[in-house]
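**Student:** Below is work_24.pdb; it holds PDB, C-alpha atoms, pLDDT in the B column.
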ATOM      1  CA  MET A   1     -32.644 -32.254  42.672  1.00 60.00           C
ATOM      2  CA  TYR A   2     -29.049 -33.294  43.273  1.00 61.00           C
ATOM      3  CA  LEU A   3     -27.356 -36.256  41.698  1.00 57.00           C
ATOM      4  CA  MET A   4     -24.766 -37.796  43.966  1.00 60.00           C
ATOM      5  CA  ILE A   5     -21.763 -39.217  42.200  1.00 63.00           C
ATOM      6  CA  PHE A   6     -19.357 -41.024  44.448  1.00 76.00           C
ATOM      7  CA  MET A   7     -16.152 -42.931  44.069  1.00 88.00           C
ATOM      8  CA  ALA A   8     -16.440 -46.613  44.837  1.00 92.00           C
ATOM      9  CA  LYS A   9     -14.055 -49.527  44.954  1.00 96.00           C
ATOM     10  CA  TYR A  10     -15.567 -52.631  43.400  1.00 97.00           C
ATOM     11  CA  LYS A  11     -14.636 -55.895  41.728  1.00 98.00           C
ATOM     12  CA  VAL A  12     -15.989 -56.950  38.342  1.00 98.00           C
ATOM     13  CA  GLU A  13     -15.788 -60.622  37.435  1.00 98.00           C
ATOM     14  CA  VAL A  14     -16.910 -62.683  34.436  1.00 98.00           C
ATOM     15  CA  ASP A  15     -17.345 -66.441  34.855  1.00 98.00           C
ATOM     16  CA  LEU A  16     -16.035 -67.718  31.528  1.00 97.00           C
ATOM     17  CA  ASN A  17     -17.562 -71.152  32.117  1.00 97.00           C
ATOM     18  CA  VAL A  18     -20.997 -69.495  32.078  1.00 98.00           C
ATOM     19  CA  CYS A  19     -20.485 -66.737  29.458  1.00 98.00           C
ATOM     20  CA  ILE A  20     -22.205 -67.543  26.150  1.00 97.00           C
ATOM     21  CA  SER A  21     -20.682 -64.652  24.171  1.00 97.00           C
ATOM     22  CA  THR A  22     -23.790 -62.562  23.501  1.00 97.00           C
ATOM     23  CA  GLY A  23     -21.829 -59.304  23.769  1.00 97.00           C
ATOM     24  CA  ALA A  24     -24.535 -57.643  25.843  1.00 97.00           C
ATOM     25  CA  CYS A  25     -22.038 -56.544  28.498  1.00 97.00           C
ATOM     26  CA  TYR A  26     -19.555 -54.823  26.201  1.00 95.00           C
ATOM     27  CA  ALA A  27     -22.375 -53.328  24.147  1.00 97.00           C
ATOM     28  CA  THR A  28     -23.795 -51.885  27.381  1.00 97.00           C
ATOM     29  CA  ASP A  29     -20.506 -50.923  29.070  1.00 98.00           C
ATOM     30  CA  GLY A  30     -17.354 -50.538  27.014  1.00 97.00           C
ATOM     31  CA  LEU A  31     -15.531 -49.040  29.995  1.00 97.00           C
ATOM     32  CA  HIS A  32     -15.356 -52.342  31.857  1.00 98.00           C
ATOM     33  CA  PHE A  33     -15.802 -55.026  29.191  1.00 98.00           C
ATOM     34  CA  VAL A  34     -14.246 -55.972  25.863  1.00 97.00           C
ATOM     35  CA  SER A  35     -14.634 -58.882  23.500  1.00 96.00           C
ATOM     36  CA  GLY A  36     -12.042 -61.578  24.021  1.00 93.00           C
ATOM     37  CA  GLN A  37     -11.310 -64.967  22.549  1.00 86.00           C
ATOM     38  CA  HIS A  38     -14.407 -66.437  20.861  1.00 89.00           C
ATOM     39  CA  GLN A  39     -16.192 -63.144  21.650  1.00 92.00           C
ATOM     40  CA  GLN A  40     -16.364 -64.043  25.351  1.00 95.00           C
ATOM     41  CA  ALA A  41     -16.321 -61.029  27.630  1.00 97.00           C
ATOM     42  CA  ARG A  42     -13.101 -59.887  29.232  1.00 98.00           C
ATOM     43  CA  VAL A  43     -12.792 -57.335  32.010  1.00 98.00           C
ATOM     44  CA  VAL A  44     -10.729 -54.349  30.843  1.00 98.00           C
ATOM     45  CA  GLY A  45      -7.230 -54.357  32.314  1.00 97.00           C
ATOM     46  CA  GLY A  46      -8.018 -57.453  34.318  1.00 95.00           C
ATOM     47  CA  ASN A  47      -6.537 -60.829  35.012  1.00 97.00           C
ATOM     48  CA  THR A  48      -7.919 -63.611  32.843  1.00 96.00           C
ATOM     49  CA  ASP A  49      -7.473 -67.366  33.040  1.00 96.00           C
ATOM     50  CA  GLU A  50      -9.525 -70.268  31.687  1.00 94.00           C
ATOM     51  CA  ALA A  51     -12.263 -69.819  34.288  1.00 97.00           C
ATOM     52  CA  LYS A  52     -12.629 -66.084  34.892  1.00 97.00           C
ATOM     53  CA  SER A  53     -11.731 -62.547  34.001  1.00 98.00           C
ATOM     54  CA  SER A  54     -11.686 -59.942  36.771  1.00 98.00           C
ATOM     55  CA  ASN A  55     -10.379 -56.588  37.890  1.00 98.00           C
ATOM     56  CA  VAL A  56     -10.822 -54.122  40.735  1.00 98.00           C
ATOM     57  CA  PHE A  57     -11.883 -50.579  39.912  1.00 97.00           C
ATOM     58  CA  ASP A  58     -11.858 -47.458  42.066  1.00 95.00           C
ATOM     59  CA  ASP A  59     -13.933 -44.879  40.221  1.00 94.00           C
ATOM     60  CA  ASN A  60     -17.430 -43.442  39.772  1.00 94.00           C
ATOM     61  CA  GLN A  61     -18.589 -45.970  37.136  1.00 95.00           C
ATOM     62  CA  LEU A  62     -20.089 -48.599  39.452  1.00 95.00           C
ATOM     63  CA  VAL A  63     -23.586 -48.149  38.000  1.00 95.00           C
ATOM     64  CA  SER A  64     -22.313 -48.841  34.473  1.00 96.00           C
ATOM     65  CA  ALA A  65     -20.792 -52.137  35.600  1.00 98.00           C
ATOM     66  CA  GLN A  66     -24.002 -53.070  37.431  1.00 97.00           C
ATOM     67  CA  GLU A  67     -26.098 -52.334  34.336  1.00 97.00           C
ATOM     68  CA  ALA A  68     -23.835 -54.537  32.235  1.00 98.00           C
ATOM     69  CA  ALA A  69     -24.183 -57.341  34.782  1.00 98.00           C
ATOM     70  CA  LYS A  70     -27.971 -57.011  34.579  1.00 98.00           C
ATOM     71  CA  SER A  71     -27.787 -57.209  30.781  1.00 98.00           C
ATOM     72  CA  CYS A  72     -26.109 -60.629  30.846  1.00 98.00           C
ATOM     73  CA  PRO A  73     -28.755 -63.251  29.933  1.00 98.00           C
ATOM     74  CA  VAL A  74     -26.941 -66.019  31.846  1.00 98.00           C
ATOM     75  CA  SER A  75     -25.783 -64.015  34.896  1.00 98.00           C
ATOM     76  CA  ALA A  76     -22.091 -64.635  34.192  1.00 98.00           C
ATOM     77  CA  ILE A  77     -21.064 -61.245  35.627  1.00 98.00           C
ATOM     78  CA  THR A  78     -20.742 -60.289  39.280  1.00 98.00           C
ATOM     79  CA  VAL A  79     -20.049 -56.809  40.597  1.00 98.00           C
ATOM     80  CA  THR A  80     -19.015 -56.686  44.238  1.00 97.00           C
ATOM     81  CA  LEU A  81     -18.620 -53.515  46.278  1.00 95.00           C
ATOM     82  CA  LEU A  82     -15.385 -53.680  48.266  1.00 94.00           C
TER      83      LEU A  82
END
Please lay out the structure from this file as structure tokens.

**Tutor:**
Amino acid sequence: MYLMIFMAKYKVEVDLNVCISTGACYATDGLHFVSGQHQQARVVGGNTDEAKSSNVFDDNQLVSAQEAAKSCPVSAITVTLL
């Protein structure tokens, strides 16, 4: 069996108006998420304002970001393939 690992360009975004600071995303995926102000999630290396935190990645870690999005109990995270 072969495991295909491919590079992908994708955007990760956290809606800070929805995030309830459970930490599930950064516990699941420390490559894309860190704890920010009031323990709300922040996207690593991203742009953050009052409403959102986001960044574009071009690597082979898309699945990790998708798993973190699935772990969010309030669906505050979107991962979009570009």

**Student:** List as a list in words the protein and nucleic acid residues near Ser53 (chain A), meaning an atom at most 7 Å away when only C-alpha atoms are counted, but skip any in the same chain fewer than 6 places from it.

**Tutor:**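 Skipping anything fewer than 6 positions along the chain leaves Glu13, Val14, Asp15, Arg42, Val43, Gly46 and Asn47 of chain A.
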
**Student:** With a distance cut-off of 12 Å and all atoms listed in the file, select the neighbouring residues of region 58-63 of chain A, excluding the residue or stretch itself and same-chain residues fewer than 4 positions from it, and output the selection as a ChimeraX atom specification.

**Tutor:** /A:4-12,28-32,67-70,78-82

**Student:** In terms of the shortest atom-to-atom distance over only C-alpha atoms, which of A:Ser64, A:Ser54, A:Ser75, A:Asp49 is closest to Tyr26 (chain A)?

**Tutor:**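 Answer, going by the shortest atom-to-atom distance: A:Ser64.
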
**Student:** Mind pulling up the distance from CA of Ala41 (chain A) to CA of Ser21 (chain A)?

**Tutor:**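 Straight-line distance from CA of Ser21 (chain A) to CA of Ala41 (chain A) works out to 6.6 Å.
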
**Student:** Between A:Leu16, A:Ile77, A:Ala24, A:Cys72, which residue has the minimum interatomic distance to His38 (chain A), considering all atoms listed in the file?

**Tutor:**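 That would be A:Leu16, the residue with the smallest distance to His38 (chain A).
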
**Student:** Please indicate the distance in Å from CA of Gly23 (chain A) to CA of Gln39 (chain A), rounded to one decimal place.

**Tutor:** 7.1 Å

**Student:** Work out how far apart CA of Val56 (chain A) and CA of Val34 (chain A) are and give it in Å to one decimal.

**Tutor:** 15.4 Å

**Student:** Residues picked by the PyMOL selection byres ((chain A and resi 20) around 8) here, as a list of chain:residue names?

**Tutor:**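 So the PyMOL selection byres ((chain A and resi 20) around 8) ends up selecting A:Val18, A:Cys19, A:Ser21, A:Thr22, A:Gln40, A:Val74.
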
**Student:** Between A:Ser71, A:Ala27, A:Gln37, A:Asn17, which residue has the minimum interatomic distance to Ala51 (chain A), considering all atoms listed in the file?

**Tutor:**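 Answer, going by the shortest atom-to-atom distance: A:Asn17.
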